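Engineer: Can you keep this structure in mind? I'll have questions shortly.
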Amino acid sequence: MSKATNITAGYDFGDGVPIKVRYIFRGTPYGREELAAVKEAFRGGTLTMGPQVEAFEKEFARYVGCKRAFAVSNCTTAMHVVTQMLDIGPGDEVIVTPNTFIATSLVIVKEGATPVYADIDPRTFNILPAAIEKKITRRTKAIYVVHYGGQSCDMDAIMRLARKHKLPVMEDCAHAHGTRFQGKHAGTFGVAGCFSFHSLKNITTCGEGGMITINDERWADAIQRLRCMNVGPWRPAEAARVMKAYGLRKRKNEYWLPSHFDVEDVNGHWGINYRMNEVQAAVGRAQLRKLDAFIAKRRAAAHYLTERLQGIPGITPVYEDPRGFHAYHLYTLCVEEDALGASRDAFLRELYYREGIQGIQHYQPTYDFTGFRKLGQKARQCPEAERFFYHRETNLPMHPMLTQRELRDTVRGVRRAAAAVRGKGL
Ligand SMILES: Cc1ncc(COP(=O)(O)O)c(C=O)c1O
């Protein structure tokens with residue numbers, strides 16, 4: 001009899017460190033509700049782009065407070081669709097933060113355009129409006145912002161700039177389910193918001209998934225075509241006429257082939273298959289109903305840490321912009337090397353090797369990657385982003401499953417690691 005292998009048991013980092021608080025939780029973010037949702041989707045007549053996807057889109061749009069939402073395969077493909085929809089291509093520049101996952105720049109270079117990096121705010125780690133303005137040229141086609149860690153960018157100033165220069169803004173909301181600024185949800189300020197449902201995000205649709213949010217209906221057709229092989233209705237006016245003649249409900253196409261669909265480019269752009277399936281959408285709906293509770297847990301954990309990590313010289317807990325509502329996708333602690341008298345790396349090593357608290361860095365400035373250097377991107381473009389990644393930040397474990405004991409261990413670990421390395425030199 002063959003033995004089933006438990007591929008998740010015993011997963012470890014292989015370095016012999018007794019971990020007290022892992023960066024990523026063990027187990028599953030799912031419960032009975034998600035299992036029931038999967039069963040329901042299995043019973044449905046279709047397994048992709050059916051009633052579950054339609055309902056998830058409507059419910060997500062209602063949650064964030066936008067006109068329309070479109071489910072896609074992930075946040076990278078969401079941003080690719082938006083990049084094509086904005087007709088960004090060779091010769092164009094897109095102003096973007098360097099403090100982001102590679103995906104935000106990748107969709108720009110994939111279309112042959114040039115990412116232009118604007119520096120970040122040292123308190124929120126988000127792109128700085130004043131830095132954006134300095135980078136605007138005749139070739140600027142759009143501004144791409146990221147609500148880093150679940151804290152909103154300064155969307156008042158960014159949208160003012162965008163209006164002044166007539167530039168569309170794309171919001172990368174991969175960290176920003178539940179994030180608000182002046183009471184408005186992230187992803188509803190710019191021309192489009194792009195969300196991720198990757199397994200580590202605030203909610204997840206079986207490990208992968210994404211959503212595009214818009215407020216202007218005029219983009220709906222382009223998005224629908226670009227996420228699904230440029231397919232659209234076949235002679236919709238004729239179909240509508242026929243439906244009317246038969247006294248039937250108005251539809252965009254008749255039911256048989258070849259009247260099923262037409263295929264047309266979107267300003268010369270061709271999409272591929274970026275669809276979401278029914279099981280993902282059903283799980284997404286169950287997760288969406290839990291999102292506020294997840295965020296309440298993240299915020300309670302974050303506030304516990306912030307309260308207890310105040311007043312340690314050389315350690316800066318999270319700053320919350322009072323205009324926003326931080327969803328705490330990440331908890332970003334900063335080391336101030338001069339005040340600590342030691343390097344961030346020394347602190348981080350002590351925190352991990354001796355205290356067993358796993359801190360992780362997000363993100364290396366995108367222009368520092370080898371491939372981006374080959375594209376002509378230079379070093380030292382954004383000093384604050386570099387100082388942040390190479391000398392200041394460490395993201396502490398942050399998720400809704402953190403226990404009181406883990407939080408206590410984290411506080412003690414940070415305090416002890418800071419004391420151990422203090423004054424040891426840079
Ligand atoms: C800021 C940011 N943007 C984009 C992405 C890409 O999301 P996805 O994995 O859903 O394509 C991520 C995912 O890690 C992210 O953190």
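If you're wondering about the labels, chains in the structure tokens are A, B, ... by order shown, residues count from 1 in each chain, ligands from 1 in order shown.
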Throw together the list of residues within 9 Å of ligand 1, counting only C-alpha atoms and all ligand atoms, and drop it here as an mmCIF file with C-alpha atoms, in the first residue's frame.

Structural biologist:
```cif
data_model
loop_
_atom_site.group_PDB
_atom_site.id
_atom_site.type_symbol
_atom_site.label_atom_id
_atom_site.label_comp_id
_atom_site.auth_asym_id
_atom_site.auth_seq_id
_atom_site.Cartn_x
_atom_site.Cartn_y
_atom_site.Cartn_z
ATOM 1 C CA SER A 73 -6.203 35.625 -13.004
ATOM 2 C CA ASN A 74 -3.962 37.760 -10.740
ATOM 3 C CA CYS A 75 -2.880 41.327 -9.996
ATOM 4 C CA THR A 76 -0.040 41.261 -12.534
ATOM 5 C CA THR A 77 -2.452 40.405 -15.338
ATOM 6 C CA ALA A 78 -4.872 43.032 -13.971
ATOM 7 C CA MET A 79 -2.117 45.642 -14.322
ATOM 8 C CA ASN A 99 9.286 50.312 -3.570
ATOM 9 C CA THR A 100 7.071 47.617 -5.018
ATOM 10 C CA PHE A 101 6.996 44.044 -6.177
ATOM 11 C CA ILE A 102 8.513 43.631 -9.629
ATOM 12 C CA ALA A 103 5.061 43.171 -11.213
ATOM 13 C CA THR A 104 4.248 46.909 -11.142
ATOM 14 C CA VAL A 146 1.223 51.307 -4.848
ATOM 15 C CA HIS A 147 -0.477 51.547 -1.448
ATOM 16 C CA TYR A 148 2.484 49.984 0.295
ATOM 17 C CA GLY A 149 1.716 47.609 3.133
ATOM 18 C CA ASP A 172 -1.691 48.858 -7.486
ATOM 19 C CA CYS A 173 -3.904 47.677 -4.622
ATOM 20 C CA ALA A 174 -2.216 44.299 -4.091
ATOM 21 C CA HIS A 175 -1.846 45.211 -0.387
ATOM 22 C CA CYS A 194 -5.717 46.387 -9.456
ATOM 23 C CA PHE A 195 -6.086 43.920 -6.575
ATOM 24 C CA SER A 196 -4.343 40.633 -5.819
ATOM 25 C CA PHE A 197 -5.809 37.521 -4.240
ATOM 26 C CA HIS A 198 -2.456 35.732 -4.051
ATOM 27 C CA SER A 199 -2.207 33.328 -1.134
ATOM 28 C CA LEU A 200 -0.503 35.850 1.201
ATOM 29 C CA LYS A 201 -2.799 38.775 0.508
ATOM 30 C CA GLY A 207 -3.717 31.123 -4.023
ATOM 31 C CA GLU A 208 -4.092 33.180 -7.203
ATOM 32 C CA GLY A 209 -6.532 35.781 -8.450
ATOM 33 C CA GLY A 210 -7.032 39.442 -9.208
ATOM 34 C CA HIS A 362 9.997 44.306 0.775
ATOM 35 C CA TYR A 363 11.114 45.764 -1.684
#
```

Engineer: Using the chain letters and numbers from this document, which residues of segment 200-416 of chain A does DSSP assign to strand (DSSP E), as a PyMOL selection string?

Structural biologist: chain A and resi 210-214+231-232+262-263+315-316+324-325+331-335+393-396

Engineer: From the options A:Gly268, A:Gly45, A:Gly178, A:Pro233, which residue's atoms come nearest to Met85 of chain A, counting only C-alpha atoms?

Structural biologist: A:Gly268

Engineer: Residues within 7 Å of segment 212-223 of chain A, please, as a ChimeraX atom specification. Count only C-alpha atoms; anything in the same chain fewer than 2 positions from it doesn't count.

Structural biologist: /A:61,66-71,78,81,85,187-188,191-195,225-227,266

Engineer: For those residues, write C-alpha atoms to a file as a PDB file, in the first residue's frame.

Structural biologist:
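Produced file again_36.pdb, reproduced below:
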```pdb
ATOM      1  CA  ALA A  61     -17.458  46.549  -6.532  1.00  0.00           C
ATOM      2  CA  CYS A  66     -16.810  51.584  -7.417  1.00  0.00           C
ATOM      3  CA  LYS A  67     -19.019  51.232 -10.506  1.00  0.00           C
ATOM      4  CA  ARG A  68     -17.608  48.027 -11.966  1.00  0.00           C
ATOM      5  CA  ALA A  69     -15.147  45.298 -11.064  1.00  0.00           C
ATOM      6  CA  PHE A  70     -13.625  42.650 -13.342  1.00  0.00           C
ATOM      7  CA  ALA A  71     -12.123  39.426 -12.049  1.00  0.00           C
ATOM      8  CA  ALA A  78      -4.872  43.032 -13.971  1.00  0.00           C
ATOM      9  CA  VAL A  81      -4.768  44.746 -18.931  1.00  0.00           C
ATOM     10  CA  MET A  85      -6.084  49.704 -22.006  1.00  0.00           C
ATOM     11  CA  GLY A 187      -8.660  51.564  -6.073  1.00  0.00           C
ATOM     12  CA  THR A 188     -11.429  54.143  -6.551  1.00  0.00           C
ATOM     13  CA  VAL A 191      -8.648  55.335 -13.620  1.00  0.00           C
ATOM     14  CA  ALA A 192      -8.332  51.765 -12.324  1.00  0.00           C
ATOM     15  CA  GLY A 193      -7.398  49.784  -9.224  1.00  0.00           C
ATOM     16  CA  CYS A 194      -5.717  46.387  -9.456  1.00  0.00           C
ATOM     17  CA  PHE A 195      -6.086  43.920  -6.575  1.00  0.00           C
ATOM     18  CA  ARG A 225     -11.685  42.133 -24.325  1.00  0.00           C
ATOM     19  CA  LEU A 226      -8.140  42.323 -22.977  1.00  0.00           C
ATOM     20  CA  ARG A 227      -8.749  39.795 -20.196  1.00  0.00           C
ATOM     21  CA  VAL A 266      -8.046  47.374 -28.414  1.00  0.00           C
TER      22      VAL A 266
END
```

Engineer: Identify all residues of segment 48-243 of chain A in alpha helix (DSSP H) (DSSP on the backbone) and supply them as a PyMOL selection string.

Structural biologist: chain A and resi 51-64+75-85+103-110+129-135+155-165+220-227+236-243

Engineer: So that I have them on file, write out the residues from the current selection with C-alpha atoms, as a PDB file, in the first residue's frame.

Structural biologist:
```pdb
ATOM      1  CA  PRO A  51     -22.489  33.176 -12.024  1.00  0.00           C
ATOM      2  CA  GLN A  52     -19.887  32.991  -9.225  1.00  0.00           C
ATOM      3  CA  VAL A  53     -17.502  35.298 -11.071  1.00  0.00           C
ATOM      4  CA  GLU A  54     -20.347  37.671 -11.898  1.00  0.00           C
ATOM      5  CA  ALA A  55     -21.502  37.746  -8.263  1.00  0.00           C
ATOM      6  CA  PHE A  56     -17.932  38.175  -6.946  1.00  0.00           C
ATOM      7  CA  GLU A  57     -17.401  41.132  -9.280  1.00  0.00           C
ATOM      8  CA  LYS A  58     -20.623  42.796  -8.129  1.00  0.00           C
ATOM      9  CA  GLU A  59     -19.915  42.170  -4.438  1.00  0.00           C
ATOM     10  CA  PHE A  60     -16.330  43.381  -4.724  1.00  0.00           C
ATOM     11  CA  ALA A  61     -17.458  46.549  -6.532  1.00  0.00           C
ATOM     12  CA  ARG A  62     -20.000  47.150  -3.763  1.00  0.00           C
ATOM     13  CA  TYR A  63     -17.367  46.576  -1.068  1.00  0.00           C
ATOM     14  CA  VAL A  64     -14.873  49.067  -2.493  1.00  0.00           C
ATOM     15  CA  CYS A  75      -2.880  41.327  -9.996  1.00  0.00           C
ATOM     16  CA  THR A  76      -0.040  41.261 -12.534  1.00  0.00           C
ATOM     17  CA  THR A  77      -2.452  40.405 -15.338  1.00  0.00           C
ATOM     18  CA  ALA A  78      -4.872  43.032 -13.971  1.00  0.00           C
ATOM     19  CA  MET A  79      -2.117  45.642 -14.322  1.00  0.00           C
ATOM     20  CA  HIS A  80      -1.178  44.315 -17.759  1.00  0.00           C
ATOM     21  CA  VAL A  81      -4.768  44.746 -18.931  1.00  0.00           C
ATOM     22  CA  VAL A  82      -4.811  48.321 -17.574  1.00  0.00           C
ATOM     23  CA  THR A  83      -1.449  49.110 -19.185  1.00  0.00           C
ATOM     24  CA  GLN A  84      -2.755  47.955 -22.574  1.00  0.00           C
ATOM     25  CA  MET A  85      -6.084  49.704 -22.006  1.00  0.00           C
ATOM     26  CA  ALA A 103       5.061  43.171 -11.213  1.00  0.00           C
ATOM     27  CA  THR A 104       4.248  46.909 -11.142  1.00  0.00           C
ATOM     28  CA  SER A 105       7.205  47.744 -13.402  1.00  0.00           C
ATOM     29  CA  LEU A 106       7.098  44.513 -15.363  1.00  0.00           C
ATOM     30  CA  VAL A 107       3.805  45.383 -17.054  1.00  0.00           C
ATOM     31  CA  ILE A 108       5.340  48.684 -18.197  1.00  0.00           C
ATOM     32  CA  VAL A 109       8.463  47.140 -19.731  1.00  0.00           C
ATOM     33  CA  LYS A 110       6.398  44.308 -21.204  1.00  0.00           C
ATOM     34  CA  PRO A 129       3.654  63.479  -4.918  1.00  0.00           C
ATOM     35  CA  ALA A 130       6.442  66.099  -5.091  1.00  0.00           C
ATOM     36  CA  ALA A 131       8.831  63.468  -6.445  1.00  0.00           C
ATOM     37  CA  ILE A 132       6.264  62.451  -9.076  1.00  0.00           C
ATOM     38  CA  GLU A 133       5.911  66.026 -10.310  1.00  0.00           C
ATOM     39  CA  LYS A 134       9.668  66.367 -10.797  1.00  0.00           C
ATOM     40  CA  LYS A 135       9.672  63.338 -13.096  1.00  0.00           C
ATOM     41  CA  MET A 155      -4.323  60.413  -3.046  1.00  0.00           C
ATOM     42  CA  ASP A 156      -5.426  64.048  -2.621  1.00  0.00           C
ATOM     43  CA  ALA A 157      -2.088  65.358  -3.816  1.00  0.00           C
ATOM     44  CA  ILE A 158      -1.597  62.628  -6.419  1.00  0.00           C
ATOM     45  CA  MET A 159      -5.019  63.168  -8.014  1.00  0.00           C
ATOM     46  CA  ARG A 160      -4.478  66.946  -7.977  1.00  0.00           C
ATOM     47  CA  LEU A 161      -1.252  66.412  -9.903  1.00  0.00           C
ATOM     48  CA  ALA A 162      -2.891  63.945 -12.258  1.00  0.00           C
ATOM     49  CA  ARG A 163      -5.670  66.393 -13.080  1.00  0.00           C
ATOM     50  CA  LYS A 164      -3.201  69.240 -13.563  1.00  0.00           C
ATOM     51  CA  HIS A 165      -1.113  67.212 -16.018  1.00  0.00           C
ATOM     52  CA  ALA A 220     -15.495  48.181 -19.479  1.00  0.00           C
ATOM     53  CA  ASP A 221     -15.393  46.903 -23.057  1.00  0.00           C
ATOM     54  CA  ALA A 222     -11.585  47.258 -23.339  1.00  0.00           C
ATOM     55  CA  ILE A 223     -11.045  45.428 -20.039  1.00  0.00           C
ATOM     56  CA  GLN A 224     -13.413  42.614 -20.980  1.00  0.00           C
ATOM     57  CA  ARG A 225     -11.685  42.133 -24.325  1.00  0.00           C
ATOM     58  CA  LEU A 226      -8.140  42.323 -22.977  1.00  0.00           C
ATOM     59  CA  ARG A 227      -8.749  39.795 -20.196  1.00  0.00           C
ATOM     60  CA  PRO A 236     -24.656  43.481 -31.147  1.00  0.00           C
ATOM     61  CA  ALA A 237     -27.046  45.922 -32.838  1.00  0.00           C
ATOM     62  CA  GLU A 238     -28.397  43.141 -35.065  1.00  0.00           C
ATOM     63  CA  ALA A 239     -28.721  40.778 -32.095  1.00  0.00           C
ATOM     64  CA  ALA A 240     -30.643  43.418 -30.146  1.00  0.00           C
ATOM     65  CA  ARG A 241     -32.989  43.937 -33.099  1.00  0.00           C
ATOM     66  CA  VAL A 242     -33.697  40.206 -33.364  1.00  0.00           C
ATOM     67  CA  MET A 243     -34.321  39.896 -29.615  1.00  0.00           C
TER      68      MET A 243
END
```

Engineer: Atom CA of Gln151 of chain A to atom CA of His326 of chain A: how many Å, to one decimal?

Structural biologist: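 The value is 4.6 Å.
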
Engineer: Name the residues in contact with segment 289-298 of chain A at a cut-off of 9 Å, using only C-alpha atoms, excluding same-chain residues fewer than 5 positions from it; report them as a tab-separated table (two decimals) with N, CA and C atoms, in the first residue's frame.

Structural biologist:
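Writing done, so here's selection_31.tsv:
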```tsv
chain	number	residue	atom	x	y	z
A	177	HIS	N	-6.71	45.77	0.10
A	177	HIS	CA	-8.11	45.43	0.33
A	177	HIS	C	-8.45	45.97	1.71
A	178	GLY	N	-9.42	46.86	1.78
A	178	GLY	CA	-9.80	47.44	3.07
A	178	GLY	C	-9.13	48.78	3.37
A	202	ASN	N	-4.55	39.98	1.70
A	202	ASN	CA	-5.56	40.14	2.77
A	202	ASN	C	-6.72	39.16	2.61
A	203	ILE	N	-7.07	38.86	1.36
A	203	ILE	CA	-7.97	37.73	1.10
A	203	ILE	C	-7.42	36.98	-0.11
A	284	GLY	N	-13.57	33.52	-3.18
A	284	GLY	CA	-13.38	34.96	-3.02
A	284	GLY	C	-14.58	35.62	-2.36
A	303	HIS	N	-1.61	47.55	16.34
A	303	HIS	CA	-1.66	48.57	17.39
A	303	HIS	C	-1.01	48.05	18.69
A	326	HIS	N	-5.44	52.29	7.70
A	326	HIS	CA	-4.36	51.35	7.36
A	326	HIS	C	-4.90	49.92	7.48
A	327	ALA	N	-4.77	49.15	6.40
A	327	ALA	CA	-5.28	47.76	6.44
A	327	ALA	C	-4.24	46.77	6.96
A	328	TYR	N	-3.02	47.26	7.20
A	328	TYR	CA	-1.95	46.44	7.76
A	328	TYR	C	-1.75	45.11	7.04
A	329	HIS	N	-1.58	45.22	5.72
A	329	HIS	CA	-1.11	44.03	5.02
A	329	HIS	C	0.30	43.69	5.53
A	330	LEU	N	1.10	44.74	5.78
A	330	LEU	CA	2.44	44.57	6.34
A	330	LEU	C	2.56	45.38	7.62
A	398	MET	N	2.94	39.59	10.18
A	398	MET	CA	1.64	40.28	10.28
A	398	MET	C	0.58	39.52	9.50
A	399	HIS	N	-0.36	38.95	10.22
A	399	HIS	CA	-1.49	38.26	9.58
A	399	HIS	C	-2.57	38.07	10.65
A	400	PRO	N	-3.79	37.73	10.24
A	400	PRO	CA	-4.88	37.68	11.22
A	400	PRO	C	-4.79	36.52	12.21
A	401	MET	N	-3.89	35.58	11.97
A	401	MET	CA	-3.82	34.41	12.85
A	401	MET	C	-2.77	34.58	13.95
A	402	LEU	N	-2.12	35.73	14.05
A	402	LEU	CA	-1.10	35.95	15.09
A	402	LEU	C	-1.71	35.74	16.47
```

Engineer: Using only C-alpha atoms, determine which residues lie at most 6 Å from Val21 of chain A, disregarding the query and same-chain residues fewer than 2 positions distant; provide the list as a JSON list (two decimals) with N, CA and C atoms, in the first residue's frame.

Structural biologist:
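Listed below is the output, part22.json:
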```json
[["chain", "number", "residue", "atom", "x", "y", "z"],
["A", 19, "ILE", "N", 12.46, 28.78, 15.46],
["A", 19, "ILE", "CA", 11.60, 29.92, 15.10],
["A", 19, "ILE", "C", 10.48, 30.06, 16.14],
["A", 357, "ILE", "N", 12.52, 35.51, 15.55],
["A", 357, "ILE", "CA", 11.44, 36.30, 14.91],
["A", 357, "ILE", "C", 11.87, 36.55, 13.47],
["A", 406, "GLU", "N", 2.56, 35.04, 20.27],
["A", 406, "GLU", "CA", 3.47, 35.44, 19.19],
["A", 406, "GLU", "C", 3.72, 36.95, 19.23]]
```

Engineer: What is the distance between atom CA of Gly112 of chain A and atom CA of Pro90 of chain A, in Å to one decimal?

Structural biologist: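 It comes out at 4.6 Å.
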
Engineer: Would you mind listing what lies within 7 Å of Leu396 of chain A as JSON, numbers by chain, with only C-alpha atoms counted and same-chain residues fewer than 3 positions away left out?

Structural biologist: {"A": [23, 331, 332, 333, 358, 359, 360]}

Engineer: Could you write out the selected residues, including C-alpha atoms, as a compact mmCIF listing (two decimals), in the first residue's frame?

Structural biologist:
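Contents of the output file result-v2.txt:
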```txt
# COMPACT_ATOMS: atom_id res chain seq x y z
CA TYR A 23 6.64 35.44 8.87
CA TYR A 331 3.84 45.79 9.63
CA THR A 332 6.97 47.70 8.67
CA LEU A 333 9.39 48.42 11.47
CA GLN A 358 11.42 36.19 11.15
CA GLY A 359 11.59 39.64 9.55
CA ILE A 360 11.49 40.10 5.78
```

Engineer: Which residue gives the smallest distance to Asp119 of chain A among A:Gly356, A:Gly89, A:Pro365, A:Gly371, with only C-alpha atoms counted?

Structural biologist: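 Looking only at the distances to Asp119 of chain A, the closest residue turns out to be A:Pro365.
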
Engineer: Compile the contact shell of Pro313 of chain A as a ChimeraX atom specification: residues with an atom at most 9 Å away, counting only C-alpha atoms, same-chain residues fewer than 4 positions apart removed.

Structural biologist: /A:336,339-340,418

Engineer: Those same residues - C-alpha atoms - I'd like them written as a PDB file, in the first residue's frame.

Structural biologist:
```
ATOM      1  CA  GLU A 336      17.488  54.105  12.417  1.00  0.00           C
ATOM      2  CA  ALA A 339      20.454  56.214  16.639  1.00  0.00           C
ATOM      3  CA  LEU A 340      20.873  52.486  17.233  1.00  0.00           C
ATOM      4  CA  ALA A 418      17.943  46.195  19.696  1.00  0.00           C
TER       5      ALA A 418
END
```

Engineer: Would you mind reading off the distance between atom CA of Asp15 of chain A and atom CA of Lys424 of chain A, one decimal, in Å?

Structural biologist: 25.0 Å

Engineer: Using only C-alpha atoms, find each residue in segment 283-308 of chain A having at least one atom no more than 8 Å away from segment 32-37 of chain A; report its shortest atom-to-atom pair and that distance in Å (one decimal), rows by chain then rising number, as a tab-separated table.

Structural biologist:
```
residue	atom	partner	partner_atom	distance
A:Val283	CA	A:Glu34	CA	5.2
A:Ala286	CA	A:Glu34	CA	5.7
A:Gln287	CA	A:Glu34	CA	7.3
```

Engineer: A:Lys20, A:Arg139, A:His269, A:Arg123: which is nearest Glu384 of chain A, counting only C-alpha atoms?

Structural biologist: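 Closest residue, counting only C-alpha atoms: A:Arg123.
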